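Colleague: For reference, this is final-v5.cif, and it has mmCIF, C-alpha atoms and all ligand atoms.
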```cif
data_entry
loop_
_atom_site.label_atom_id
_atom_site.label_comp_id
_atom_site.auth_asym_id
_atom_site.auth_seq_id
_atom_site.Cartn_x
_atom_site.Cartn_y
_atom_site.Cartn_z
CA MET A 1 4.80 21.99 8.24
CA LEU A 2 5.07 20.13 4.95
CA LEU A 3 6.77 17.07 6.39
CA LEU A 4 4.96 14.79 8.81
CA ASN A 5 5.86 15.65 12.40
CA PRO A 6 4.30 13.15 14.78
CA LYS A 7 5.35 15.21 17.79
CA ARG A 8 3.26 18.13 16.63
CA HIS A 9 0.56 16.86 14.34
CA ASP A 10 -1.67 19.87 13.91
CA ARG A 11 -2.46 19.82 10.22
CA TYR A 12 -5.70 21.25 8.96
CA TYR A 13 -8.58 18.78 8.61
CA PRO A 14 -11.99 19.57 7.21
CA ASP A 15 -13.65 17.28 9.77
CA GLU A 16 -13.02 15.96 13.26
CA ARG A 17 -13.12 12.28 12.31
CA SER A 18 -10.22 12.65 9.88
CA ARG A 19 -8.14 14.39 12.54
CA GLU A 20 -9.05 11.69 15.04
CA ILE A 21 -7.96 8.88 12.71
CA MET A 22 -4.56 10.42 12.02
CA ARG A 23 -3.89 11.36 15.63
CA LYS A 24 -4.99 8.01 17.04
CA THR A 25 -2.84 6.15 14.53
CA ILE A 26 0.20 8.23 15.40
CA ALA A 27 -0.50 7.77 19.12
CA TRP A 28 -0.84 3.99 18.67
CA PHE A 29 2.56 3.73 16.99
CA GLU A 30 4.24 6.12 19.42
CA ALA A 31 2.94 4.02 22.31
CA ARG A 32 4.16 0.87 20.56
CA GLY A 33 7.61 2.38 20.21
CA LEU A 34 10.43 1.78 17.78
CA LYS A 35 11.89 -1.05 19.87
CA LYS A 36 8.75 -3.18 19.50
CA VAL A 37 8.33 -2.27 15.83
CA LYS A 38 11.89 -3.43 15.20
CA GLN A 39 11.56 -6.61 17.28
CA ASP A 40 8.43 -7.58 15.35
CA ASP A 41 10.30 -6.87 12.14
CA PHE A 42 13.18 -9.18 13.17
CA ASP A 43 10.73 -11.85 14.33
CA ARG A 44 8.57 -11.45 11.20
CA ALA A 45 5.69 -11.31 13.65
CA TRP A 46 2.17 -11.15 12.31
CA TYR A 47 0.63 -7.75 13.19
CA ALA A 48 -2.63 -9.03 14.70
CA ASP A 49 -2.62 -6.22 17.28
CA PHE A 50 -2.41 -3.59 14.54
CA LEU A 51 -5.37 -5.18 12.76
CA GLU A 52 -7.27 -5.23 16.07
CA PHE A 53 -6.58 -1.52 16.43
CA VAL A 54 -7.80 -0.95 12.86
CA GLN A 55 -10.96 -2.90 13.64
CA ARG A 56 -11.61 -1.23 17.01
CA GLU A 57 -11.22 2.26 15.62
CA ARG A 58 -13.02 1.46 12.34
CA LEU A 59 -10.07 2.97 10.47
CA PHE A 60 -10.34 1.12 7.15
CA ALA A 61 -14.14 1.33 7.32
CA THR A 62 -14.09 5.13 7.52
CA LEU A 63 -11.29 5.62 5.01
CA LEU A 64 -12.05 2.96 2.41
CA THR A 65 -15.85 2.87 2.16
CA PRO A 66 -17.22 5.25 -0.47
CA ALA A 67 -19.91 7.67 0.67
CA GLY A 68 -23.34 6.09 0.59
CA TYR A 69 -22.22 2.55 1.40
CA GLY A 70 -21.33 2.92 5.05
CA ALA A 71 -21.78 5.05 8.16
CA SER A 72 -21.94 8.83 7.86
CA ASP A 73 -18.18 9.27 8.51
CA CYS A 74 -17.27 7.00 5.57
CA ARG A 75 -15.93 8.39 2.32
CA TRP A 76 -13.13 7.51 -0.07
CA ASP A 77 -11.05 10.65 0.08
CA THR A 78 -7.75 10.44 -1.79
CA TRP A 79 -6.42 13.39 0.16
CA ARG A 80 -6.71 11.82 3.59
CA ASN A 81 -5.78 8.38 2.26
CA CYS A 82 -2.48 9.88 1.06
CA GLU A 83 -1.84 11.10 4.56
CA PHE A 84 -2.69 7.72 6.05
CA ASN A 85 -0.23 6.10 3.61
CA GLU A 86 2.45 8.48 4.78
CA ILE A 87 1.79 7.84 8.49
CA LEU A 88 1.78 4.05 8.20
CA ALA A 89 5.00 3.94 6.18
CA PHE A 90 6.61 6.43 8.59
CA TYR A 91 6.31 3.70 11.23
CA GLY A 92 6.78 0.57 9.14
CA LEU A 93 6.12 -0.60 5.59
CA ALA A 94 4.60 -3.87 6.82
CA TYR A 95 1.68 -1.96 8.38
CA TRP A 96 1.30 0.08 5.21
CA TYR A 97 1.23 -3.05 3.05
CA THR A 98 -1.86 -4.60 4.64
CA TRP A 99 -3.66 -1.30 4.04
CA GLN A 100 -2.32 -1.02 0.50
CA VAL A 101 -3.46 -4.47 -0.59
CA SER A 102 -6.85 -3.82 1.01
CA ILE A 103 -7.13 -0.79 -1.28
CA LEU A 104 -6.15 -2.95 -4.25
CA GLY A 105 -8.69 -5.59 -3.27
CA LEU A 106 -11.47 -3.07 -2.78
CA ALA A 107 -10.97 -1.10 -5.99
CA PRO A 108 -12.42 -3.76 -8.36
CA ILE A 109 -15.36 -4.10 -5.95
CA TRP A 110 -16.16 -0.38 -5.85
CA GLN A 111 -15.85 -0.22 -9.64
CA SER A 112 -18.22 -3.16 -10.08
CA PRO A 113 -21.89 -2.89 -11.02
CA ASN A 114 -22.58 -5.71 -8.51
CA GLU A 115 -24.30 -3.72 -5.76
CA ALA A 116 -24.75 -6.72 -3.47
CA LEU A 117 -20.98 -7.32 -3.37
CA LYS A 118 -20.38 -3.64 -2.64
CA HIS A 119 -22.70 -3.79 0.34
CA ARG A 120 -21.02 -6.97 1.50
CA ALA A 121 -17.62 -5.26 1.30
CA ALA A 122 -18.93 -2.27 3.26
CA GLN A 123 -20.24 -4.60 5.96
CA LEU A 124 -16.93 -6.47 6.12
CA LEU A 125 -15.03 -3.20 6.42
CA GLU A 126 -17.25 -2.24 9.31
CA GLU A 127 -16.43 -5.58 10.94
CA GLY A 128 -12.70 -4.93 10.54
CA SER A 129 -11.85 -7.22 7.61
CA VAL A 130 -8.93 -6.71 5.28
CA PHE A 131 -9.06 -7.32 1.53
CA ALA A 132 -6.82 -8.83 -1.15
CA PHE A 133 -6.11 -8.39 -4.84
CA GLY A 134 -5.43 -11.58 -6.80
CA LEU A 135 -3.93 -10.40 -10.05
CA SER A 136 -0.34 -11.66 -10.34
CA GLU A 137 0.54 -15.18 -11.39
CA ARG A 138 3.84 -16.91 -10.86
CA ALA A 139 4.73 -17.48 -14.49
CA HIS A 140 3.44 -14.21 -15.92
CA GLY A 141 4.34 -11.33 -13.55
CA ALA A 142 3.45 -8.03 -15.15
CA ASP A 143 2.04 -9.74 -18.28
CA ILE A 144 -1.61 -9.88 -17.34
CA TYR A 145 -2.67 -10.74 -20.90
CA SER A 146 -1.34 -14.22 -20.16
CA THR A 147 -3.52 -14.77 -17.08
CA GLU A 148 -4.22 -18.48 -16.62
CA MET A 149 -6.80 -18.41 -13.81
CA SER A 150 -9.79 -19.91 -15.56
CA LEU A 151 -13.55 -19.95 -14.96
CA THR A 152 -15.38 -22.83 -16.60
CA PRO A 153 -19.14 -22.34 -17.11
CA GLN A 154 -21.29 -25.17 -15.78
CA ALA A 155 -24.57 -26.47 -17.19
CA ASP A 156 -26.54 -24.87 -14.32
CA GLY A 157 -25.16 -21.38 -15.07
CA SER A 158 -22.55 -21.44 -12.30
CA TYR A 159 -18.76 -21.57 -12.75
CA ARG A 160 -15.77 -23.49 -11.44
CA ALA A 161 -12.54 -21.56 -10.96
CA ASN A 162 -9.16 -23.22 -11.34
CA GLY A 163 -5.69 -21.74 -11.20
CA GLU A 164 -3.01 -20.19 -9.02
CA LYS A 165 -2.16 -16.69 -7.91
CA TYR A 166 1.22 -15.58 -6.61
CA TYR A 167 2.34 -12.64 -4.42
CA ILE A 168 -1.14 -11.98 -3.04
CA GLY A 169 -1.02 -9.88 0.12
CA ASN A 170 -3.65 -10.51 2.84
CA ALA A 171 -4.77 -13.66 0.99
CA ASN A 172 -4.42 -15.53 4.29
CA LEU A 173 -7.41 -13.76 5.85
CA ALA A 174 -9.40 -11.77 3.28
CA PRO A 175 -13.03 -12.86 2.99
CA MET A 176 -13.17 -11.14 -0.39
CA VAL A 177 -10.12 -11.77 -2.58
CA SER A 178 -10.76 -9.87 -5.82
CA THR A 179 -9.42 -12.34 -8.36
CA PHE A 180 -8.67 -11.78 -12.03
CA GLY A 181 -9.15 -14.56 -14.56
CA LYS A 182 -10.49 -15.55 -17.95
CA LEU A 183 -13.63 -17.40 -18.98
CA ALA A 184 -12.62 -20.79 -20.33
CA ASP A 185 -15.06 -20.75 -23.24
CA THR A 186 -14.66 -17.18 -24.59
CA SER A 187 -11.30 -16.08 -23.07
CA ASP A 188 -13.07 -12.95 -21.85
CA TYR A 189 -11.50 -11.34 -18.79
CA VAL A 190 -13.43 -11.66 -15.54
CA PHE A 191 -13.10 -10.41 -11.96
CA PHE A 192 -14.69 -12.39 -9.15
CA VAL A 193 -14.42 -12.68 -5.39
CA ALA A 194 -13.08 -15.71 -3.55
CA ASP A 195 -13.22 -16.37 0.19
CA TYR A 196 -10.06 -17.60 1.94
CA ARG A 197 -12.23 -19.77 4.24
CA HIS A 198 -13.65 -21.90 1.41
CA GLN A 199 -12.44 -25.51 1.34
CA ASN A 200 -11.54 -25.22 -2.37
CA TYR A 201 -9.26 -22.26 -1.63
CA GLU A 202 -5.76 -23.49 -0.89
CA LEU A 203 -3.38 -21.16 0.90
CA ILE A 204 -0.10 -22.72 -0.21
CA ARG A 205 2.57 -20.56 1.46
CA ASN A 206 3.93 -17.13 2.19
CA VAL A 207 6.36 -16.44 -0.65
CA THR A 208 8.18 -13.64 1.21
CA ALA A 209 10.27 -13.64 4.35
CA SER A 210 8.61 -10.66 5.96
CA GLN A 211 5.95 -9.71 8.50
CA ASN A 212 3.41 -9.63 5.68
CA TYR A 213 1.65 -12.65 4.30
CA VAL A 214 2.23 -12.49 0.55
CA ALA A 215 0.59 -15.64 -0.61
CA GLN A 216 0.71 -18.31 -3.21
CA VAL A 217 -2.87 -19.53 -3.45
CA ALA A 218 -4.70 -22.04 -5.59
CA LEU A 219 -8.37 -22.43 -6.43
CA HIS A 220 -9.40 -26.03 -7.06
CA ASP A 221 -12.78 -26.29 -8.75
CA TYR A 222 -13.83 -23.32 -6.64
CA PRO A 223 -17.60 -22.93 -7.15
CA LEU A 224 -18.91 -19.50 -8.13
CA SER A 225 -22.32 -18.19 -8.99
CA GLU A 226 -23.18 -15.04 -10.92
CA ALA A 227 -23.50 -13.33 -7.52
CA GLU A 228 -19.71 -13.53 -7.02
CA ILE A 229 -18.82 -12.01 -10.39
CA LEU A 230 -17.57 -8.42 -10.15
CA SER A 231 -17.09 -7.60 -13.81
CA ARG A 232 -16.33 -9.17 -17.14
CA GLY A 233 -14.85 -8.34 -20.55
CA GLN A 234 -13.62 -4.80 -21.07
CA ASP A 235 -15.02 -3.74 -17.68
CA ALA A 236 -12.90 -6.36 -15.92
CA TRP A 237 -9.79 -5.28 -17.82
CA ASP A 238 -10.45 -1.61 -17.06
CA ALA A 239 -11.07 -2.40 -13.38
CA CYS A 240 -7.73 -4.17 -13.31
CA LEU A 241 -5.74 -1.26 -14.77
CA ASN A 242 -7.64 1.36 -12.80
CA THR A 243 -7.01 -0.54 -9.59
CA VAL A 244 -3.30 -0.59 -10.27
CA ASN A 245 -3.48 3.12 -11.14
CA VAL A 246 -4.98 3.88 -7.73
CA GLY A 247 -2.63 1.52 -5.91
CA LYS A 248 0.61 2.52 -7.54
CA PHE A 249 0.02 6.15 -6.61
CA ASN A 250 0.20 5.11 -2.94
CA LEU A 251 3.75 3.84 -3.42
CA GLY A 252 5.08 7.39 -3.70
CA TRP A 253 3.38 8.33 -0.44
CA ALA A 254 4.88 5.35 1.31
CA SER A 255 8.34 6.46 0.10
CA ILE A 256 7.71 9.92 1.51
CA GLY A 257 6.77 8.47 4.91
CA ILE A 258 9.89 6.28 5.02
CA CYS A 259 12.23 9.08 3.95
CA THR A 260 10.77 11.53 6.46
CA HIS A 261 11.40 9.21 9.40
CA ALA A 262 14.88 8.31 8.12
CA LEU A 263 15.75 12.00 7.68
CA TYR A 264 14.80 12.83 11.27
CA GLU A 265 16.80 9.93 12.60
CA ALA A 266 19.84 10.79 10.51
CA VAL A 267 19.83 14.47 11.48
CA LEU A 268 19.46 13.58 15.16
CA HIS A 269 22.36 11.17 14.99
CA ALA A 270 24.67 13.45 13.00
CA ALA A 271 23.93 16.53 15.11
CA ASN A 272 24.81 14.67 18.31
CA ARG A 273 27.89 12.94 17.01
CA ARG A 274 31.16 14.76 17.57
CA LEU A 275 34.22 13.96 15.49
CA TYR A 276 37.47 15.93 15.54
CA ASN A 277 35.87 18.18 18.13
CA MET A 278 33.01 19.25 15.92
CA ALA A 279 29.48 18.08 15.19
CA VAL A 280 29.16 15.89 12.11
CA THR A 281 26.48 18.33 10.88
CA ASP A 282 29.22 21.00 10.69
CA PHE A 283 31.11 19.15 7.94
CA PRO A 284 30.43 20.95 4.66
CA HIS A 285 29.97 17.73 2.69
CA VAL A 286 27.47 16.48 5.28
CA GLN A 287 25.57 19.74 5.02
CA GLN A 288 25.58 19.32 1.26
CA MET A 289 24.20 15.76 1.51
CA PHE A 290 21.52 16.73 4.01
CA THR A 291 20.50 19.68 1.85
CA ASP A 292 20.34 17.45 -1.19
CA ALA A 293 18.28 14.80 0.66
CA TYR A 294 15.93 17.40 2.11
CA ALA A 295 15.40 19.11 -1.26
CA ARG A 296 14.63 15.79 -2.93
CA LEU A 297 12.20 14.81 -0.19
CA MET A 298 10.45 18.19 -0.46
CA ALA A 299 10.20 17.77 -4.22
CA MET A 300 8.77 14.27 -3.76
CA LYS A 301 6.14 15.62 -1.43
CA LEU A 302 5.23 18.69 -3.47
CA PHE A 303 4.94 16.65 -6.64
CA ALA A 304 2.81 14.00 -4.93
CA LEU A 305 0.54 16.68 -3.48
CA ARG A 306 0.00 18.15 -6.93
CA ALA A 307 -0.62 14.69 -8.35
CA ALA A 308 -3.19 14.04 -5.60
CA ASP A 309 -5.17 17.01 -6.95
CA TYR A 310 -5.17 15.48 -10.43
CA LEU A 311 -6.16 12.10 -9.10
CA ARG A 312 -9.05 13.65 -7.20
CA ALA A 313 -10.13 15.70 -10.20
CA ALA A 314 -9.79 12.82 -12.69
CA SER A 315 -12.70 12.38 -15.08
CA PRO A 316 -13.17 11.38 -18.72
CA ASP A 317 -12.45 15.05 -19.56
CA ASP A 318 -9.61 15.61 -17.11
CA ARG A 319 -6.94 13.01 -17.67
CA ARG A 320 -3.92 14.85 -16.28
CA TYR A 321 -3.57 12.07 -13.70
CA LEU A 322 -2.37 9.77 -16.49
CA LEU A 323 0.86 11.76 -16.65
CA TYR A 324 1.31 12.58 -12.97
CA ASN A 325 0.35 9.23 -11.49
CA PRO A 326 3.10 7.08 -13.10
CA ILE A 327 5.66 9.74 -12.18
CA VAL A 328 4.62 9.48 -8.54
CA LYS A 329 4.98 5.73 -8.89
CA MET A 330 8.43 5.62 -10.49
CA LYS A 331 10.11 9.01 -10.02
CA VAL A 332 9.01 9.74 -6.47
CA THR A 333 9.85 6.20 -5.33
CA THR A 334 13.26 6.13 -7.03
CA GLN A 335 14.04 9.57 -5.58
CA GLY A 336 13.15 7.99 -2.24
CA GLU A 337 15.98 5.51 -2.84
CA GLU A 338 18.28 8.44 -3.59
CA VAL A 339 17.30 10.19 -0.33
CA ILE A 340 18.12 7.05 1.65
CA ASN A 341 21.44 6.70 -0.19
CA LEU A 342 22.39 10.27 0.72
CA LEU A 343 21.37 9.86 4.36
CA TRP A 344 23.33 6.63 4.54
CA GLU A 345 26.46 8.45 3.35
CA VAL A 346 26.02 10.69 6.39
CA ILE A 347 25.23 8.16 9.11
CA ALA A 348 27.43 5.39 7.67
CA ALA A 349 27.84 2.53 10.22
CA LYS A 350 24.85 3.69 12.23
CA GLY A 351 22.62 2.66 9.32
CA PHE A 352 23.37 -1.00 10.08
CA GLU A 353 22.42 -0.88 13.75
CA ARG A 354 19.52 -3.04 14.78
CA ASP A 355 17.88 -0.36 16.94
CA THR A 356 17.48 2.14 14.13
CA TYR A 357 14.47 2.79 11.94
CA PHE A 358 17.01 3.39 9.19
CA GLU A 359 18.13 -0.23 9.02
CA MET A 360 14.56 -1.16 8.05
CA ALA A 361 14.11 1.86 5.77
CA ALA A 362 17.24 0.99 3.76
CA ARG A 363 15.64 -2.36 2.89
CA ASP A 364 12.04 -1.27 2.44
CA ILE A 365 12.65 1.80 0.28
CA ARG A 366 13.85 -0.57 -2.48
CA ALA A 367 10.46 -2.31 -2.63
CA LEU A 368 8.37 0.62 -3.72
CA PRO A 369 9.57 1.14 -7.31
CA LYS A 370 9.18 -2.61 -7.86
CA LEU A 371 5.57 -3.09 -6.74
CA GLU A 372 2.39 -2.76 -8.84
CA ALA A 373 4.34 -3.59 -12.00
CA ARG A 374 6.06 -1.20 -14.37
CA CYS A 375 3.85 -1.70 -17.35
CA THR A 376 0.48 -0.62 -16.09
CA SER A 377 0.28 2.79 -17.67
CA ILE A 378 -0.35 1.10 -20.97
CA SER A 379 -3.61 -0.37 -22.16
CA PRO A 380 -4.25 -2.81 -24.96
C1 LIG A 401 6.06 -7.91 -1.72
C2 LIG A 401 5.17 -8.04 -2.90
C3 LIG A 401 3.81 -7.92 -2.75
C4 LIG A 401 2.95 -8.05 -3.86
N1 LIG A 401 1.60 -8.00 -3.67
C5 LIG A 401 0.77 -8.27 -4.71
C6 LIG A 401 -0.65 -8.40 -4.51
O1 LIG A 401 -1.15 -8.24 -3.39
N2 LIG A 401 -1.42 -8.73 -5.57
C7 LIG A 401 -0.91 -8.92 -6.82
O2 LIG A 401 -1.67 -9.20 -7.74
N3 LIG A 401 0.44 -8.81 -7.04
C8 LIG A 401 1.27 -8.50 -6.01
N4 LIG A 401 2.64 -8.42 -6.22
C9 LIG A 401 3.15 -8.66 -7.58
C10 LIG A 401 3.70 -7.43 -8.22
O3 LIG A 401 2.66 -6.59 -8.64
C11 LIG A 401 4.59 -7.91 -9.35
O4 LIG A 401 5.86 -7.98 -8.75
C12 LIG A 401 4.55 -7.06 -10.55
O5 LIG A 401 3.35 -7.25 -11.23
C13 LIG A 401 5.70 -7.28 -11.50
O6 LIG A 401 5.80 -8.61 -11.79
P1 LIG A 401 7.23 -9.33 -11.60
O7 LIG A 401 7.86 -8.82 -10.35
O8 LIG A 401 7.00 -10.78 -11.74
O9 LIG A 401 8.11 -8.77 -12.80
P2 LIG A 401 8.17 -9.38 -14.28
O10 LIG A 401 6.81 -9.42 -14.86
O11 LIG A 401 8.94 -10.65 -14.26
O12 LIG A 401 8.97 -8.26 -15.03
C14 LIG A 401 10.44 -8.23 -14.99
C15 LIG A 401 10.90 -6.93 -15.60
O13 LIG A 401 10.53 -6.89 -16.98
C16 LIG A 401 10.31 -5.55 -17.37
N5 LIG A 401 8.95 -5.39 -17.88
C17 LIG A 401 7.88 -6.18 -17.66
N6 LIG A 401 6.81 -5.74 -18.35
C18 LIG A 401 7.20 -4.62 -19.01
C19 LIG A 401 6.55 -3.69 -19.87
N7 LIG A 401 5.29 -3.84 -20.24
N8 LIG A 401 7.26 -2.65 -20.35
C20 LIG A 401 8.55 -2.51 -19.99
N9 LIG A 401 9.22 -3.35 -19.19
C21 LIG A 401 8.56 -4.39 -18.71
C22 LIG A 401 10.52 -4.68 -16.13
O14 LIG A 401 11.84 -4.22 -16.09
C23 LIG A 401 10.30 -5.67 -15.02
O15 LIG A 401 10.89 -5.27 -13.82
C24 LIG A 401 3.50 -8.27 -5.15
C25 LIG A 401 4.89 -8.38 -5.28
C26 LIG A 401 5.71 -8.28 -4.19
C27 LIG A 401 7.18 -8.43 -4.39
#
```
With the file now loaded, output its structure as structure tokens.
Modeller:
Amino acid sequence: MLLLNPKRHDRYYPDERSREIMRKTIAWFEARGLKKVKQDDFDRAWYADFLEFVQRERLFATLLTPAGYGASDCRWDTWRNCEFNEILAFYGLAYWYTWQVSILGLAPIWQSPNEALKHRAAQLLEEGSVFAFGLSERAHGADIYSTEMSLTPQADGSYRANGEKYYIGNANLAPMVSTFGKLADTSDYVFFVADYRHQNYELIRNVTASQNYVAQVALHDYPLSEAEILSRGQDAWDACLNTVNVGKFNLGWASIGICTHALYEAVLHAANRRLYNMAVTDFPHVQQMFTDAYARLMAMKLFALRAADYLRAASPDDRRYLLYNPIVKMKVTTQGEEVINLLWEVIAAKGFERDTYFEMAARDIRALPKLEARCTSISP
């Protein structure tokens, strides 16, 4: 019951809408089938049909709009978002990534005092938009102190933004790209929103060779008014770190989804493969590796479940999440690599076959410890 089983998804849900979201998402991927998922992966095909499904079923709207800003079924519920992370990654990390960067893009908005921008985000979610988080810069990576994106105040009280961002997921179609910069006159940090459709927003290229669009973008004298400012000074800095805190926690859940699918596939293959007149699963060393992989995956899940409680309970007085959250980010994700290594020892050549989920998992599991930086548990 602890591991996701798409063939028998009968987990407890406190409300019907949550159950519907999870079941419909599983059904959509099951109908799509592994063959199509893999073909799209080889072709690096843009997942427009997945985003249409998200829009039609109002999935991101329900899951990512805090209570009070959207329809009655909307609430930001870490518990069910963890499960959604797990389901998406179970089928393909590319689908998870567009959800993940939407979370990153939305977090500075929901933390902002700018109510008008919050209502705009809620409306866009309802319309099926995705969101983007413009933090990283090409030359500075994890060193956000060195941010060069610059906002120059104008005589009329507006601003002009200039600079580049690098590795920005969904930046090819997000109407609100939460962008981190500094004010040119005071060097104060600032978060603002940019629209990918604006003529002064240049989408330079996709810097990855994947299904995702992970963009290099430039703002050229991009005009901004006070209405597009999310936060400034210490608030902007805190929104930045808190966003990464929320986002990096999801990485562990994505690892769990990948490892669960890979485990099922590996067991199925090994149990049906006969060598020397016996099933591969009868070899003692294979049993040992499967047991090891299973125990690690269970530990990943149990630890992440506990950490979800601390994330949900987090408050100025309850800061246990500060310990548990980075461990989900680094330990759970690196254990995910270990699980895949063990499974690969069992299935050997099969792990290279184009028809397998595993072939994709072996690549994607490596990404998770590397995303959302390594330094973001620290603050200045
Ligand atoms: C596929 C993909 C998607 C991404 N999507 C987004 C996105 O949507 N939005 C966005 O803003 N960014 C995004 N990123 C950027 C990502 O967050 C960065 O990769 C991350 O911030 C780390 O930067 P870097 O990879 O340039 O590593 P670098 O900053 O070059 O760091 C190199 C190494 O230095 C060490 N190091 C760095 N800082 C510290 C420290 N403080 N303490 C100890 N060691 C340290 C670590 O070992 C680290 O691995 C994405 C990246 C990828 C690959």
Colleague: In Å, how far is it from atom CA of Val286 of chain A to atom CA of Glu337 of chain A?
Modeller: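 Atom-to-atom, atom CA of Val286 of chain A to atom CA of Glu337 of chain A, that is 17.8 Å.
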Colleague: So, counting all atoms listed in the file, which residue among A:Asp309, A:Glu353, A:Asp292, A:Glu359 is closest to Glu338 of chain A?
Modeller: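 The closest residue to Glu338 of chain A is A:Asp292.
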Colleague: Distance table requested - chain A against ligand LIG 401 (chain A), cut-off 9 Å, all atoms listed in the file: one row per qualifying residue with the closest atom pair and its distance in Å to one decimal, ordered by chain and rising residue number, as CSV.
Modeller:
```
residue,atom,partner,partner_atom,distance
A:Tyr97,CA,A:LIG401,C3,8.0
A:Thr98,CA,A:LIG401,O1,8.8
A:Gln100,CA,A:LIG401,O1,8.3
A:Val101,CA,A:LIG401,O1,5.2
A:Ser102,CA,A:LIG401,O1,8.4
A:Leu104,CA,A:LIG401,O1,7.3
A:Gly105,CA,A:LIG401,O1,8.0
A:Ala132,CA,A:LIG401,O1,6.1
A:Phe133,CA,A:LIG401,N2,4.8
A:Gly134,CA,A:LIG401,O2,4.5
A:Leu135,CA,A:LIG401,O2,3.4
A:Ser136,CA,A:LIG401,O2,3.8
A:Glu137,CA,A:LIG401,O2,7.3
A:Arg138,CA,A:LIG401,O8,7.0
A:Ala139,CA,A:LIG401,O8,7.6
A:His140,CA,A:LIG401,O10,6.0
A:Gly141,CA,A:LIG401,O8,3.3
A:Ala142,CA,A:LIG401,O10,3.6
A:Asp143,CA,A:LIG401,O10,5.9
A:Ile144,CA,A:LIG401,O5,8.3
A:Lys165,CA,A:LIG401,O2,7.5
A:Tyr166,CA,A:LIG401,N3,6.8
A:Tyr167,CA,A:LIG401,C8,4.6
A:Ile168,CA,A:LIG401,O1,3.8
A:Gly169,CA,A:LIG401,O1,3.9
A:Asn170,CA,A:LIG401,O1,7.1
A:Ala171,CA,A:LIG401,O1,7.9
A:Thr179,CA,A:LIG401,O2,8.4
A:Phe180,CA,A:LIG401,O2,8.6
A:Val207,CA,A:LIG401,C1,8.6
A:Thr208,CA,A:LIG401,C1,6.8
A:Ser210,CA,A:LIG401,C1,8.5
A:Asn212,CA,A:LIG401,C1,8.0
A:Tyr213,CA,A:LIG401,C3,8.8
A:Val214,CA,A:LIG401,C3,5.9
A:Ala215,CA,A:LIG401,O1,8.1
A:Val244,CA,A:LIG401,O3,8.6
A:Ala367,CA,A:LIG401,C27,7.2
A:Lys370,CA,A:LIG401,O4,6.4
A:Leu371,CA,A:LIG401,O3,4.9
A:Glu372,CA,A:LIG401,O3,3.8
A:Ala373,CA,A:LIG401,C12,3.8
A:Arg374,CA,A:LIG401,C18,5.9
A:Cys375,CA,A:LIG401,N7,3.9
A:Thr376,CA,A:LIG401,N7,7.1
A:Ser377,CA,A:LIG401,N7,8.7
A:Ile378,CA,A:LIG401,N7,7.5
```
Colleague: For a test of reading the model, state the distance in Å between atom CA of Leu322 of chain A and atom CA of Ile103 of chain A, rounded to one decimal.
Modeller: 19.1 Å
Colleague: Return as AutoDock Vina command-line options the centre and edge lengths, in Å with one decimal, of the box along x, y and z that encloses every atom of segment 250-253 of chain A in the file, padded by 5 Å per side.
Modeller:
```
--center_x 2.6 --center_y 6.1 --center_z -2.1 --size_x 14.9 --size_y 14.5 --size_z 13.3
```
Colleague: Which residue is closest to Gln335 of chain A? Choose from A:Lys35, A:Lys301, A:Lys182, A:Arg205 and count all atoms listed in the file.
Modeller: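 That would be A:Lys301, the residue with the smallest distance to Gln335 of chain A.
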Colleague: Can you tell me which residues surround Ala71 of chain A at a distance of at most 12 Å, considering all atoms listed in the file, apart from same-chain residues fewer than 5 positions away, and format the answer as a list in words?
Modeller: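 These residues fall inside the cut-off: Arg58, Ala61, Thr62, Leu63, Leu64, Thr65, Pro66, His119, Ala122, Gln123, Leu125 and Glu126 of chain A.
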Colleague: Please identify all polymer residues within 12 Å of Tyr12 of chain A, counting all atoms listed in the file, omitting same-chain residues fewer than 6 positions from it, and present them as a VMD selection string.
Modeller: chain A and resid 1 to 2 18 to 20 22 79 to 80 83
Colleague: For atom CA of Ile347 of chain A and atom CA of Tyr91 of chain A, determine how far apart the two atoms are, in Å to one decimal place.
Modeller: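 Calculated distance between atom CA of Ile347 of chain A and atom CA of Tyr91 of chain A is 19.6 Å.
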